[in-house]
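So this block is data.txt, compact mmCIF, C-alpha atoms:
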```txt
# COMPACT_ATOMS: atom_id res chain seq x y z
CA MET A 779 -11.83 -22.63 17.58
CA TYR A 780 -8.47 -23.02 19.34
CA LEU A 781 -6.15 -20.94 17.20
CA LEU A 782 -2.44 -20.37 17.67
CA VAL A 783 -0.20 -17.99 15.73
CA TYR A 784 3.45 -19.03 15.39
CA LYS A 785 6.13 -16.63 14.24
CA PHE A 786 9.49 -17.93 13.03
CA GLY A 787 12.40 -15.49 12.89
CA GLY A 788 15.02 -15.33 10.17
CA SER A 789 17.54 -17.45 12.08
CA SER A 790 14.88 -20.12 12.67
CA VAL A 791 14.25 -20.63 8.94
CA ALA A 792 17.75 -19.82 7.69
CA ASP A 793 18.42 -23.28 6.27
CA ALA A 794 16.76 -26.61 5.46
CA ALA A 795 17.29 -27.96 8.98
CA GLY A 796 15.60 -24.92 10.49
CA LEU A 797 12.68 -25.15 8.08
CA ARG A 798 12.22 -28.82 8.99
CA ARG A 799 12.22 -27.99 12.71
CA ALA A 800 9.61 -25.28 12.14
CA ALA A 801 7.46 -27.59 10.03
CA GLY A 802 7.71 -30.34 12.62
CA GLN A 803 6.65 -27.94 15.35
CA LEU A 804 3.62 -26.86 13.35
CA ALA A 805 2.66 -30.42 12.49
CA ALA A 806 2.85 -31.43 16.15
CA ALA A 807 0.62 -28.53 17.20
CA ALA A 808 -1.85 -29.35 14.43
CA ALA A 809 -1.97 -32.96 15.64
CA LYS A 810 -3.10 -31.65 19.05
CA GLY A 811 -6.13 -30.04 17.43
CA TYR A 812 -4.99 -26.41 17.12
CA ARG A 813 -5.81 -24.27 14.10
CA LEU A 814 -2.58 -22.59 13.05
CA ILE A 815 -1.28 -19.46 11.34
CA ALA A 816 2.49 -19.35 10.75
CA VAL A 817 4.25 -16.02 10.10
CA VAL A 818 7.79 -16.12 8.74
CA SER A 819 10.64 -13.64 8.44
CA ALA A 820 13.15 -13.57 5.60
CA GLN A 821 15.89 -16.20 5.89
CA GLY A 822 19.02 -15.25 7.80
CA LYS A 823 20.52 -11.97 6.60
CA THR A 824 18.45 -11.83 3.41
CA THR A 825 17.03 -8.37 4.13
CA ASP A 826 20.51 -6.93 4.80
CA HIS A 827 21.86 -8.46 1.60
CA LEU A 828 18.99 -7.05 -0.46
CA LEU A 829 19.57 -3.58 0.99
CA GLN A 830 23.30 -3.84 0.23
CA THR A 831 22.56 -4.83 -3.36
CA ALA A 832 20.21 -1.88 -3.80
CA ALA A 833 22.77 0.51 -2.28
CA ALA A 834 25.41 -0.73 -4.71
CA LEU A 835 23.13 0.19 -7.62
CA THR A 836 21.84 3.57 -6.48
CA PRO A 837 22.48 5.86 -3.50
CA HIS A 838 18.80 6.84 -3.41
CA PRO A 839 16.54 3.84 -4.08
CA SER A 840 12.85 4.72 -4.23
CA CYS A 841 10.68 3.71 -1.28
CA ARG A 842 8.15 1.88 -3.47
CA GLU A 843 10.72 -0.32 -5.21
CA THR A 844 12.63 -0.88 -1.95
CA ASP A 845 9.46 -2.24 -0.33
CA GLN A 846 8.84 -4.51 -3.30
CA LEU A 847 12.42 -5.77 -3.14
CA LEU A 848 12.47 -6.42 0.60
CA ALA A 849 9.09 -8.17 0.55
CA THR A 850 10.56 -10.96 -1.58
CA GLY A 851 12.55 -12.28 1.38
CA GLU A 852 9.47 -13.15 3.44
CA GLN A 853 7.65 -14.45 0.38
CA ALA A 854 10.50 -16.88 -0.25
CA SER A 855 10.45 -18.07 3.36
CA ALA A 856 6.68 -18.61 3.25
CA ALA A 857 6.97 -20.66 0.07
CA LEU A 858 9.85 -22.74 1.45
CA LEU A 859 8.03 -23.47 4.71
CA ALA A 860 4.91 -24.39 2.75
CA MET A 861 6.96 -26.81 0.64
CA THR A 862 8.48 -28.32 3.77
CA LEU A 863 5.06 -28.84 5.34
CA GLN A 864 3.79 -30.46 2.16
CA GLU A 865 6.77 -32.78 2.17
CA THR A 866 5.96 -33.90 5.72
CA GLY A 867 2.34 -34.55 4.79
CA ALA A 868 0.65 -31.63 6.55
CA GLU A 869 -2.09 -29.81 4.65
CA ILE A 870 -1.16 -26.15 4.23
CA THR A 871 -1.79 -23.15 2.04
CA ALA A 872 0.02 -19.87 1.49
CA ILE A 873 -2.84 -17.43 1.08
CA HIS A 874 -4.07 -13.85 1.05
CA ARG A 875 -5.37 -12.55 4.36
CA ARG A 876 -9.03 -12.39 3.34
CA ARG A 877 -9.03 -16.16 2.86
CA ILE A 878 -7.50 -17.03 6.23
CA LEU A 879 -10.72 -17.81 8.10
CA ARG A 880 -12.07 -19.97 5.30
CA GLU A 881 -8.86 -21.98 5.13
CA LEU A 882 -8.70 -22.38 8.91
CA GLU A 883 -12.26 -23.70 8.98
CA ALA A 884 -11.22 -26.20 6.32
CA GLY A 885 -8.56 -27.54 8.70
CA ARG A 886 -5.55 -26.16 6.87
CA ILE A 887 -2.40 -24.57 8.33
CA VAL A 888 -2.11 -21.03 6.99
CA VAL A 889 1.41 -19.85 6.15
CA THR A 890 1.73 -16.11 5.59
CA ALA A 891 4.67 -13.83 4.93
CA GLY A 892 5.38 -11.40 7.73
CA PHE A 893 6.74 -7.85 7.47
CA GLN A 894 4.61 -6.70 4.56
CA GLY A 895 1.21 -5.57 3.35
CA VAL A 896 -0.51 -3.95 0.40
CA THR A 897 -1.47 -0.31 0.02
CA ARG A 898 -4.91 0.79 -1.15
CA ARG A 899 -3.37 1.29 -4.58
CA GLY A 900 -2.25 -2.33 -4.62
CA ASP A 901 1.46 -1.64 -4.11
CA ILE A 902 3.48 -3.85 -1.78
CA THR A 903 4.61 -2.05 1.37
CA THR A 904 6.64 -3.15 4.39
CA LEU A 905 6.28 -2.68 8.14
CA GLY A 906 9.95 -1.99 8.91
CA ARG A 907 12.37 -3.94 11.05
CA GLY A 908 10.64 -6.39 13.35
CA GLY A 909 7.58 -6.34 11.11
CA SER A 910 7.10 -10.10 11.24
CA ASP A 911 6.64 -9.95 15.03
CA THR A 912 4.04 -7.26 14.48
CA THR A 913 2.31 -9.30 11.77
CA ALA A 914 2.06 -12.31 14.08
CA VAL A 915 0.59 -10.33 16.98
CA ALA A 916 -1.82 -8.47 14.68
CA LEU A 917 -3.14 -11.75 13.28
CA ALA A 918 -3.46 -13.20 16.77
CA ALA A 919 -5.48 -10.15 17.83
CA ALA A 920 -7.63 -10.12 14.69
CA PHE A 921 -8.59 -13.77 15.03
CA ASP A 922 -8.80 -13.81 18.85
CA ALA A 923 -6.11 -16.51 19.05
CA CYS A 924 -5.56 -18.30 22.33
CA GLY A 925 -1.87 -17.47 22.02
CA CYS A 926 0.95 -16.16 19.84
CA ARG A 927 4.21 -18.11 19.97
CA ILE A 928 7.37 -16.28 18.87
CA CYS A 929 9.92 -18.91 17.85
CA THR A 930 13.57 -17.92 17.77
CA ASP A 931 17.05 -19.29 18.44
CA VAL A 932 16.86 -18.88 22.22
CA ASP A 933 14.47 -20.55 24.64
CA GLY A 934 12.90 -17.42 26.12
CA VAL A 935 13.60 -13.93 27.41
CA TYR A 936 16.77 -13.47 29.50
CA ASP A 937 18.01 -10.63 31.67
CA HIS A 938 21.14 -10.57 29.45
CA ASP A 939 21.99 -12.05 26.07
CA PRO A 940 22.61 -15.76 26.91
CA ARG A 941 24.90 -16.12 23.90
CA LEU A 942 27.25 -13.54 25.41
CA ALA A 943 26.63 -14.13 29.13
CA PRO A 944 26.16 -17.83 29.98
CA GLU A 945 25.15 -16.93 33.55
CA SER A 946 22.07 -15.04 32.29
CA ARG A 947 18.72 -15.81 33.91
CA ARG A 948 15.68 -16.77 31.88
CA TYR A 949 12.31 -15.34 32.90
CA ASP A 950 9.51 -17.88 33.24
CA ARG A 951 7.06 -14.98 32.98
CA ILE A 952 7.39 -11.25 32.33
CA GLY A 953 4.78 -8.49 32.11
CA TYR A 954 3.97 -6.54 28.96
CA ALA A 955 5.27 -3.26 30.39
CA GLU A 956 8.59 -4.75 31.51
CA MET A 957 9.05 -6.53 28.18
CA LEU A 958 8.25 -3.33 26.29
CA GLU A 959 10.82 -1.42 28.32
CA MET A 960 13.45 -4.08 27.60
CA ALA A 961 12.60 -4.07 23.90
CA GLU A 962 12.82 -0.28 23.69
CA GLN A 963 16.21 -0.41 25.40
CA GLY A 964 17.57 -2.76 22.73
CA ALA A 965 16.61 -6.30 23.72
CA ARG A 966 16.33 -8.02 20.33
CA VAL A 967 14.03 -10.92 21.20
CA LEU A 968 10.81 -8.97 20.48
CA HIS A 969 10.17 -5.76 18.55
CA PRO A 970 8.68 -2.95 20.68
CA ARG A 971 5.73 -2.46 18.31
CA SER A 972 4.74 -6.11 18.65
CA VAL A 973 4.83 -5.93 22.45
CA SER A 974 2.84 -2.71 22.46
CA LEU A 975 0.23 -4.27 20.18
CA ALA A 976 0.07 -7.40 22.34
CA GLN A 977 -0.44 -5.26 25.44
CA LYS A 978 -3.17 -3.19 23.78
CA TYR A 979 -5.18 -6.22 22.64
CA ARG A 980 -4.17 -8.52 25.53
CA VAL A 981 -2.61 -11.08 23.21
CA PRO A 982 -0.90 -13.90 25.14
CA LEU A 983 2.74 -14.10 23.98
CA THR A 984 5.18 -16.96 24.44
CA VAL A 985 8.86 -16.78 23.46
CA LEU A 986 10.45 -20.17 22.78
CA ARG A 987 13.13 -21.94 20.78
CA THR A 988 12.16 -23.23 17.35
CA GLY A 989 11.45 -26.94 17.53
CA ALA A 990 10.78 -27.09 21.29
CA GLU A 991 7.73 -25.93 23.24
CA THR A 992 9.56 -25.80 26.59
CA PRO A 993 11.30 -24.12 28.31
CA CYS A 994 9.87 -20.75 27.37
CA THR A 995 8.95 -17.29 28.63
CA VAL A 996 5.32 -16.16 28.94
CA VAL A 997 4.90 -12.46 28.18
CA GLY A 998 1.82 -10.82 29.67
CA ARG A 999 -1.15 -13.15 29.87
CA PRO A 1000 -0.79 -16.95 29.74
CA GLU A 1001 -2.36 -18.75 26.78
CA ARG A 1002 -6.03 -19.60 26.99
CA ARG A 1003 -6.82 -23.30 27.10
```

Is it possible to express this structure as structure tokens?
Amino acid sequence: MYLLVYKFGGSSVADAAGLRRAAGQLAAAAAKGYRLIAVVSAQGKTTDHLLQTAAALTPHPSCRETDQLLATGEQASAALLAMTLQETGAEITAIHRRRILRELEAGRIVVTAGFQGVTRRGDITTLGRGGSDTTAVALAAAFDACGCRICTDVDGVYDHDPRLAPESRRYDRIGYAEMLEMAEQGARVLHPRSVSLAQKYRVPLTVLRTGAETPCTVVGRPERR
């Protein structure tokens, strides 16, 4: 089974146009015969706005309720992307993890919320900032995916922020260790935990712009064909 995991960041699904680009990208990959899992972050600055609202109500919000609150952002994104895929005619389902394999074998695109999980007691919990990257890599490792594609608003990994320094150079390929060092020093394209997990389980990572498969940056191993 040729499986790919796509992760779409908050800026990639911030509005209807972004959701349509993401859905189109998934539909195109599905048409090529890939089985797909899509992980989504909360739209735009949703997480920041939710935290601000909680802070306005209480200076000491409980961890349990904060996790429940923040998890709604990714749940909304997953539902919206699912609706967009349905509108374009692709067959999708937003499902619990234990059903993923069954749905993939049925030929469906699986859309799952990133950033969150469930405790043994059944409470919603979150993985912290960058948790959607970690979710995507973890799923890719768990299902032995041939690749994990991190879709964002830039077309790869640069030596400087290309939005601030137009002369920045994009890497065609970068090793796990170098990418991890960059992430730990503040590069915002990938969360350090996701890179560390990819390195541990040898998950092929690709960083690309939402809606376009090239150009891109390959992190670590190239995708299996």

Atom pair CA of Val888 in chain A / CA of Val981 in chain A: separation (Å): 19.0 Å

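The shell of residues at most 10 Å from Glu962 in chain A, with only C-alpha atoms counted and near chain neighbours (fewer than 6 positions) removed, consists of Glu956, Leu968, His969, Pro970, Arg971 and Val973 of chain A.
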
Close residues, Ser790 in chain A itself excluded, 10 Å, all atoms listed in the file, min 2 positions apart in chain, as a ChimeraX atom specification: /A:785-788,792-800,818-822,929-932,987-989

Export C-alpha atoms of the chosen residues as a PDB file, keeping the file's coordinate frame?
```
ATOM      1  CA  LYS A 785       6.130 -16.630  14.240  1.00  0.00           C
ATOM      2  CA  PHE A 786       9.490 -17.930  13.030  1.00  0.00           C
ATOM      3  CA  GLY A 787      12.400 -15.490  12.890  1.00  0.00           C
ATOM      4  CA  GLY A 788      15.020 -15.330  10.170  1.00  0.00           C
ATOM      5  CA  ALA A 792      17.750 -19.820   7.690  1.00  0.00           C
ATOM      6  CA  ASP A 793      18.420 -23.280   6.270  1.00  0.00           C
ATOM      7  CA  ALA A 794      16.760 -26.610   5.460  1.00  0.00           C
ATOM      8  CA  ALA A 795      17.290 -27.960   8.980  1.00  0.00           C
ATOM      9  CA  GLY A 796      15.600 -24.920  10.490  1.00  0.00           C
ATOM     10  CA  LEU A 797      12.680 -25.150   8.080  1.00  0.00           C
ATOM     11  CA  ARG A 798      12.220 -28.820   8.990  1.00  0.00           C
ATOM     12  CA  ARG A 799      12.220 -27.990  12.710  1.00  0.00           C
ATOM     13  CA  ALA A 800       9.610 -25.280  12.140  1.00  0.00           C
ATOM     14  CA  VAL A 818       7.790 -16.120   8.740  1.00  0.00           C
ATOM     15  CA  SER A 819      10.640 -13.640   8.440  1.00  0.00           C
ATOM     16  CA  ALA A 820      13.150 -13.570   5.600  1.00  0.00           C
ATOM     17  CA  GLN A 821      15.890 -16.200   5.890  1.00  0.00           C
ATOM     18  CA  GLY A 822      19.020 -15.250   7.800  1.00  0.00           C
ATOM     19  CA  CYS A 929       9.920 -18.910  17.850  1.00  0.00           C
ATOM     20  CA  THR A 930      13.570 -17.920  17.770  1.00  0.00           C
ATOM     21  CA  ASP A 931      17.050 -19.290  18.440  1.00  0.00           C
ATOM     22  CA  VAL A 932      16.860 -18.880  22.220  1.00  0.00           C
ATOM     23  CA  ARG A 987      13.130 -21.940  20.780  1.00  0.00           C
ATOM     24  CA  THR A 988      12.160 -23.230  17.350  1.00  0.00           C
ATOM     25  CA  GLY A 989      11.450 -26.940  17.530  1.00  0.00           C
TER      26      GLY A 989
END
```

Padding 3 Å on each side, edges along x, y and z: where is the centre of the box around the listed atoms of range 876-881 of chain A, and how long are its edges in Å to one decimal? Output it as lines of an AutoDock Vina configuration file.
```
center_x = -9.8
center_y = -17.2
center_z = 5.5
size_x = 10.6
size_y = 15.6
size_z = 11.2
```

Long-range neighbours of Thr890 in chain A as a PyMOL selection string, 12 Å cut-off, all atoms listed in the file, 5 positions minimum in chain: chain A and resi 783-786+814-820+849+852-860+870-878+895+910+913-914+917

Between CA of Arg880 in chain A and CA of Thr862 in chain A, distance in Å (one decimal):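 Going from CA of Arg880 in chain A over to CA of Thr862 in chain A covers 22.2 Å.
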
Selected residue of minimal separation from Gln830 in chain A among A:Leu975, A:Arg907, A:Glu945, A:Leu848, counting all atoms listed in the file: A:Leu848

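With all atoms listed in the file as the basis for measurement, A:Val967 is the residue among A:Val967, A:Met957, A:Ala919, A:Cys841 that approaches Pro940 in chain A most closely.
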
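Ranking A:Thr904, A:Arg813, A:Leu781, A:Arg948 by their shortest atom-to-atom distance to Val985 in chain A, with only C-alpha atoms included, puts A:Arg948 first.
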